[in-house]
Amino acid sequence: MAATDRLRTALDRLEPPPRAVDWSLFAFVVAEAATGLVSFTVGVPEWWPLFWLHRALGVGIVALLGWKLARVRRRLTDPNLWRRSTALSVLTLVAAVGALATGTTWVFGLDVRLSYWTLLSVHVGFGLALVPLVAAHAATRFRPPRRVDFERRRTAVTYFALLAAGGTTYRLQQGINDALDTAGADRRFTGSQPREGDGNGAFPITSWVADDPDPIDRDAYRLAVDGLVSDAVELTADELAAGHETEALLDCTSGWYTVQEWGGIRVGDLLDAAGDIDDDAAYVRFTSVTGYRWSLPLDEAEDALLATHVGGERLSHGHGAPARLVAPDRRGFQWVKWVTRVEVRSEYDLGQWVVTLVSGFD
């Protein structure tokens with residue numbers, strides 16, 4: 001038997017039952033979207049298994065999609081077999097291939113911008129679109145899962161092999177990047193590519209969703225520090241430029257990172273200026289002129305910086321002037337720009353998740 005025939009036979013033996021393939025594809029896509037979204041919120045190396053799982057699931061989707069297409073290819077290629085749901089099937093396939101292709105291309109370091117979007121942003125868009133498309137596609141041919149489709153030993157071996165293949169492929173890709181010295185070789189574990197240099201010009205200007213305020217009048221600017229403090233205060237931009245400095249890595253969810261020297265004032269000193277903090281205080285909320293906001297636990301917030309300078313330069317408007325939050329080990333969307341209020345609170349702000357999606361829209 002030829003090697004290709006042996007490989008085909010082995011792959012056929014690994015293929016789960018059709019119903020298991022359909023439901024597994026849906027589960028893998030949902031898990032892929034979930035791990036991708038959670039990865040946006042973490043930036044410390046201890047979370048590397050999450051990113052590994054996200055990439056391994058992608059390889060699993062490739063295999064499941066291959067089995068699926070092998071089974072339905074006649075329904076897609078023969079016009080006599082087309083139904084109303086065929087268009088949805090094709091759209092789902094386009095989204096799946098788009099997500100896989102952009103993700104694969106990104107890990108090898110190709111950096112292509114489509115208007116304001118990096119290739120990683122396009123990958124995220126395809127991934128988010130894929131979840132409802134797969135769900136709608138499944139609904140057109142709904143067949144509830146059966147226990148018998150998943151409890152066979154061969155099926156368990158198949159899923160183990162899919163995840164193992166995903167991890168192996170990820171490691172192989174890293175080795176290829178290193179051996180060929182591609183642009184993807186110096187990515188962080190998050191997938192972000194480096195942006196080097198000092199100051200405002202060293203890294204891109206990005207805003208979350210629709211935030212795009214007019215430049216703030218520095219002379220008229222006031223930062224309010226209030227909430228669960230005894231003496232609320234307002235500070236000018238010059239008072240915030242206290243000369244405190246910290247080196248911190250900014251890892252943006254659009255796919256790049258930069259290490260900069262940030263200057264400004266420690267948030268702990270800001271809170272000290274507002275008097276005593278209430279015993280119930282647990283969080284500090286940072287609010288932008290756009291209404292965008294994010295909260296940090298009190299202990300973490302005290303060690304954060306409200307920056308007025310970067311790389312020895314006064315912050316530009318696009319990078320958050322007069323003051324932006326610098327929160328080490330947090331992702332870029334949590335580094336609030338154009339901060340106008342620092343509020344000490346007793347409760348976690350669940351509403352901040354909603355605000356990240358709607359701020360900046362009039």
# chains A, B, ... in the order shown; residues from 1 in each chain; ligands from 1
call {"tool": "residues_around", "arguments": {"residues": "Ala323 in chain A", "least_positions_apart": "4", "cutoff": "6 Å", "atoms": "only C-alpha atoms", "output": "PDB file with N, CA, C and O atoms, in the first residue's frame"}}
result
ATOM      1  N   ALA A 307      -0.102  58.927  33.323  1.00  0.00           N
ATOM      2  CA  ALA A 307       1.016  59.443  32.536  1.00  0.00           C
ATOM      3  C   ALA A 307       0.656  60.724  31.801  1.00  0.00           C
ATOM      4  O   ALA A 307      -0.421  60.849  31.219  1.00  0.00           O
ATOM      5  N   THR A 308       1.608  61.644  31.812  1.00  0.00           N
ATOM      6  CA  THR A 308       1.515  62.873  31.015  1.00  0.00           C
ATOM      7  C   THR A 308       2.595  62.918  29.947  1.00  0.00           C
ATOM      8  O   THR A 308       2.522  63.737  29.026  1.00  0.00           O
ATOM      9  N   TRP A 338      -7.187  60.061  27.872  1.00  0.00           N
ATOM     10  CA  TRP A 338      -7.915  61.312  28.120  1.00  0.00           C
ATOM     11  C   TRP A 338      -8.681  61.264  29.452  1.00  0.00           C
ATOM     12  O   TRP A 338      -9.864  61.614  29.527  1.00  0.00           O
ATOM     13  N   VAL A 339      -7.978  60.797  30.498  1.00  0.00           N
ATOM     14  CA  VAL A 339      -8.639  60.606  31.797  1.00  0.00           C
ATOM     15  C   VAL A 339      -9.035  61.959  32.393  1.00  0.00           C
ATOM     16  O   VAL A 339      -8.210  62.875  32.494  1.00  0.00           O
TER      17      VAL A 339
END
call {"tool": "residues_around", "arguments": {"residues": "Ala304 in chain A", "least_positions_apart": "5", "cutoff": "7 Å", "atoms": "only C-alpha atoms", "output": "JSON, numbers by chain"}}
result
{"A": [266, 267, 326, 327]}
call {"tool": "write_last_selection", "arguments": {"atoms": "C-alpha atoms", "output": "PDB file, in the first residue's frame"}}
result
ATOM      1  CA  ARG A 266       1.560  57.713  40.769  1.00  0.00           C
ATOM      2  CA  VAL A 267      -2.120  57.042  41.320  1.00  0.00           C
ATOM      3  CA  VAL A 326      -0.515  53.242  32.551  1.00  0.00           C
ATOM      4  CA  ALA A 327      -1.475  49.866  34.023  1.00  0.00           C
TER       5      ALA A 327
END
call {"tool": "residues_around", "arguments": {"residues": "range 347-359 of chain A", "least_positions_apart": "6", "cutoff": "6 Å", "atoms": "only C-alpha atoms", "output": "compact mmCIF listing (two decimals) with all heavy atoms, in the first residue's frame"}}
result
# COMPACT_ATOMS: atom_id res chain seq x y z
N GLY A 291 -16.33 59.14 28.04
CA GLY A 291 -17.21 58.27 28.80
C GLY A 291 -16.68 56.86 28.96
O GLY A 291 -17.19 56.08 29.77
N TYR A 292 -15.68 56.52 28.19
CA TYR A 292 -15.01 55.22 28.33
C TYR A 292 -14.41 55.12 29.72
O TYR A 292 -13.95 56.13 30.28
CB TYR A 292 -13.90 55.13 27.27
CG TYR A 292 -13.24 53.78 27.14
CD1 TYR A 292 -13.66 52.89 26.17
CD2 TYR A 292 -12.18 53.40 27.96
CE1 TYR A 292 -13.04 51.65 26.01
CE2 TYR A 292 -11.57 52.18 27.82
CZ TYR A 292 -12.00 51.31 26.84
OH TYR A 292 -11.39 50.09 26.70
N ARG A 293 -14.40 53.94 30.30
CA ARG A 293 -13.86 53.81 31.66
C ARG A 293 -13.38 52.39 31.92
O ARG A 293 -13.77 51.45 31.24
CB ARG A 293 -14.93 54.19 32.69
CG ARG A 293 -16.16 53.30 32.71
CD ARG A 293 -17.15 53.80 33.74
NE ARG A 293 -18.23 52.86 33.99
CZ ARG A 293 -19.46 52.96 33.50
NH1 ARG A 293 -19.77 53.97 32.71
NH2 ARG A 293 -20.39 52.06 33.81
N TRP A 294 -12.49 52.30 32.92
CA TRP A 294 -12.02 51.00 33.38
C TRP A 294 -11.64 51.11 34.85
O TRP A 294 -11.22 52.18 35.31
CB TRP A 294 -10.84 50.48 32.56
CG TRP A 294 -10.66 49.01 32.75
CD1 TRP A 294 -9.79 48.37 33.58
CD2 TRP A 294 -11.44 48.00 32.13
NE1 TRP A 294 -9.97 47.02 33.50
CE2 TRP A 294 -10.99 46.76 32.61
CE3 TRP A 294 -12.50 48.03 31.20
CZ2 TRP A 294 -11.55 45.56 32.21
CZ3 TRP A 294 -13.05 46.82 30.80
CH2 TRP A 294 -12.57 45.60 31.29
call {"tool": "residues_around", "arguments": {"residues": "Leu100 in chain A", "least_positions_apart": "4", "cutoff": "10 Å", "atoms": "only C-alpha atoms", "output": "ChimeraX atom specification"}}
result
/A:55,58-59,61-62,94-96,104-106,123,126-127
call {"tool": "write_last_selection", "arguments": {"atoms": "C-alpha atoms", "output": "PDB file, in the first residue's frame"}}
result
ATOM      1  CA  ARG A  55      -4.135  28.061  18.481  1.00  0.00           C
ATOM      2  CA  GLY A  58      -7.698  26.436  15.306  1.00  0.00           C
ATOM      3  CA  VAL A  59      -5.810  23.392  14.026  1.00  0.00           C
ATOM      4  CA  ILE A  61     -11.142  23.309  13.267  1.00  0.00           C
ATOM      5  CA  VAL A  62      -9.061  22.767  10.131  1.00  0.00           C
ATOM      6  CA  VAL A  94     -15.874  31.973   3.802  1.00  0.00           C
ATOM      7  CA  ALA A  95     -15.831  33.221   7.406  1.00  0.00           C
ATOM      8  CA  ALA A  96     -14.093  30.043   8.594  1.00  0.00           C
ATOM      9  CA  THR A 104      -2.109  31.690  10.183  1.00  0.00           C
ATOM     10  CA  THR A 105      -0.684  34.589   8.194  1.00  0.00           C
ATOM     11  CA  TRP A 106      -0.419  36.752  11.298  1.00  0.00           C
ATOM     12  CA  HIS A 123      -8.999  37.808  12.090  1.00  0.00           C
ATOM     13  CA  PHE A 126     -14.019  36.814  10.985  1.00  0.00           C
ATOM     14  CA  GLY A 127     -13.982  34.851  14.244  1.00  0.00           C
TER      15      GLY A 127
END
call {"tool": "closest_residue", "arguments": {"among": "A:Ile265, A:Asp329, A:Ala185, A:Asp214", "to": "Glu46 in chain A", "atoms": "only C-alpha atoms"}}
result
A:Asp329
call {"tool": "closest_residue", "arguments": {"among": "A:Val112, A:Leu76, A:Val97, A:Leu130", "to": "Val29 in chain A", "atoms": "only C-alpha atoms"}}
result
A:Leu130
call {"tool": "residues_around", "arguments": {"residues": "Leu65 in chain A", "least_positions_apart": "6", "cutoff": "9 Å", "atoms": "only C-alpha atoms", "output": "PyMOL selection string"}}
result
chain A and resi 21+25+93+96
call {"tool": "write_last_selection", "arguments": {"atoms": "N, CA and C atoms", "output": "mmCIF file, in the first residue's frame"}}
result
data_model
loop_
_atom_site.group_PDB
_atom_site.id
_atom_site.type_symbol
_atom_site.label_atom_id
_atom_site.label_comp_id
_atom_site.auth_asym_id
_atom_site.auth_seq_id
_atom_site.Cartn_x
_atom_site.Cartn_y
_atom_site.Cartn_z
ATOM 1 N N VAL A 21 -18.999 15.277 14.133
ATOM 2 C CA VAL A 21 -18.233 16.312 13.428
ATOM 3 C C VAL A 21 -18.975 17.641 13.470
ATOM 4 N N LEU A 25 -17.606 20.801 15.526
ATOM 5 C CA LEU A 25 -17.238 22.018 14.815
ATOM 6 C C LEU A 25 -17.854 23.232 15.492
ATOM 7 N N LEU A 93 -18.512 29.077 5.370
ATOM 8 C CA LEU A 93 -17.211 28.578 4.917
ATOM 9 C C LEU A 93 -16.241 29.729 4.670
ATOM 10 N N ALA A 96 -15.025 30.992 7.971
ATOM 11 C CA ALA A 96 -14.093 30.043 8.594
ATOM 12 C C ALA A 96 -12.723 30.105 7.926
#
call {"tool": "closest_residue", "arguments": {"among": "A:Asp279, A:Asp299, A:Asp269, A:Glu261", "to": "Ala202 in chain A", "atoms": "only C-alpha atoms"}}
result
A:Glu261
call {"tool": "select_by_dssp", "arguments": {"residues": "range 157-296 of chain A", "states": "strand (DSSP E)", "output": "ChimeraX atom specification"}}
result
/A:193-194,223-227,233-235,244-252,256-266,283-288,293-296
call {"tool": "write_last_selection", "arguments": {"atoms": "C-alpha atoms", "output": "compact mmCIF listing (two decimals), in the first residue's frame"}}
result
# COMPACT_ATOMS: atom_id res chain seq x y z
CA GLN A 193 4.48 42.25 17.20
CA PRO A 194 7.05 44.78 18.53
CA LEU A 223 -8.74 66.00 36.72
CA ALA A 224 -11.32 65.20 39.40
CA VAL A 225 -10.27 62.78 42.16
CA ASP A 226 -13.34 61.83 44.17
CA GLY A 227 -15.58 59.00 45.34
CA VAL A 233 -9.76 67.50 44.65
CA GLU A 234 -9.26 68.81 41.13
CA LEU A 235 -5.78 68.95 39.62
CA HIS A 244 7.35 59.99 38.52
CA GLU A 245 8.60 57.48 35.95
CA THR A 246 8.08 53.82 35.20
CA GLU A 247 9.04 51.53 32.34
CA ALA A 248 6.02 49.56 31.19
CA LEU A 249 5.01 47.36 28.27
CA LEU A 250 1.88 48.40 26.39
CA ASP A 251 0.36 45.38 24.58
CA CYS A 252 -2.43 46.50 22.25
CA TRP A 256 1.47 45.22 18.57
CA TYR A 257 3.43 46.00 21.73
CA THR A 258 5.95 48.61 22.81
CA VAL A 259 8.13 49.16 25.87
CA GLN A 260 8.29 52.82 26.89
CA GLU A 261 9.40 55.05 29.75
CA TRP A 262 6.24 56.73 31.02
CA GLY A 263 6.24 59.87 33.17
CA GLY A 264 3.52 61.44 35.28
CA ILE A 265 2.15 60.87 38.76
CA ARG A 266 1.56 57.71 40.77
CA TYR A 283 -11.69 49.74 43.32
CA VAL A 284 -10.50 52.83 41.48
CA ARG A 285 -12.34 53.78 38.30
CA PHE A 286 -10.67 55.82 35.56
CA THR A 287 -13.06 57.68 33.25
CA SER A 288 -12.21 59.25 29.89
CA ARG A 293 -13.86 53.81 31.66
CA TRP A 294 -12.02 51.00 33.38
CA SER A 295 -11.49 49.97 37.01
CA LEU A 296 -8.55 48.47 38.86
call {"tool": "closest_residue", "arguments": {"among": "A:Leu271, A:Leu128, A:Leu110, A:Ala241", "to": "Arg187 in chain A", "atoms": "only C-alpha atoms"}}
result
A:Leu110
call {"tool": "residues_around", "arguments": {"residues": "range 134-136 of chain A", "least_positions_apart": "4", "cutoff": "7 Å", "atoms": "only C-alpha atoms", "output": "list in words"}}
result
Phe26, Thr92, Leu130 and Thr140 of chain A
call {"tool": "atom_distance", "arguments": {"atom1": "CA of Phe28 in chain A", "atom2": "CA of Phe333 in chain A"}}
result
26.5 Å
call {"tool": "atom_distance", "arguments": {"atom1": "CA of Val124 in chain A", "atom2": "CA of Leu57 in chain A"}}
result
14.8 Å
call {"tool": "select_by_dssp", "arguments": {"residues": "range 173-302 of chain A", "states": "helix (DSSP H, G or I)", "output": "list in words"}}
result
Gln173, Gln174, Gly175, Ile176, Asn177, Asp178, Ala179, Leu180, Asn200, Gly201, Ala202, Ala237, Asp238, Glu239, Leu240, Val267, Gly268, Asp269, Leu270, Leu271, Asp272, Ala273, Leu298, Asp299, Glu300, Ala301 and Glu302 of chain A
call {"tool": "closest_residue", "arguments": {"among": "A:Val122, A:Leu228, A:Ala139, A:Leu306", "to": "Pro322 in chain A", "atoms": "only C-alpha atoms"}}
result
A:Leu306
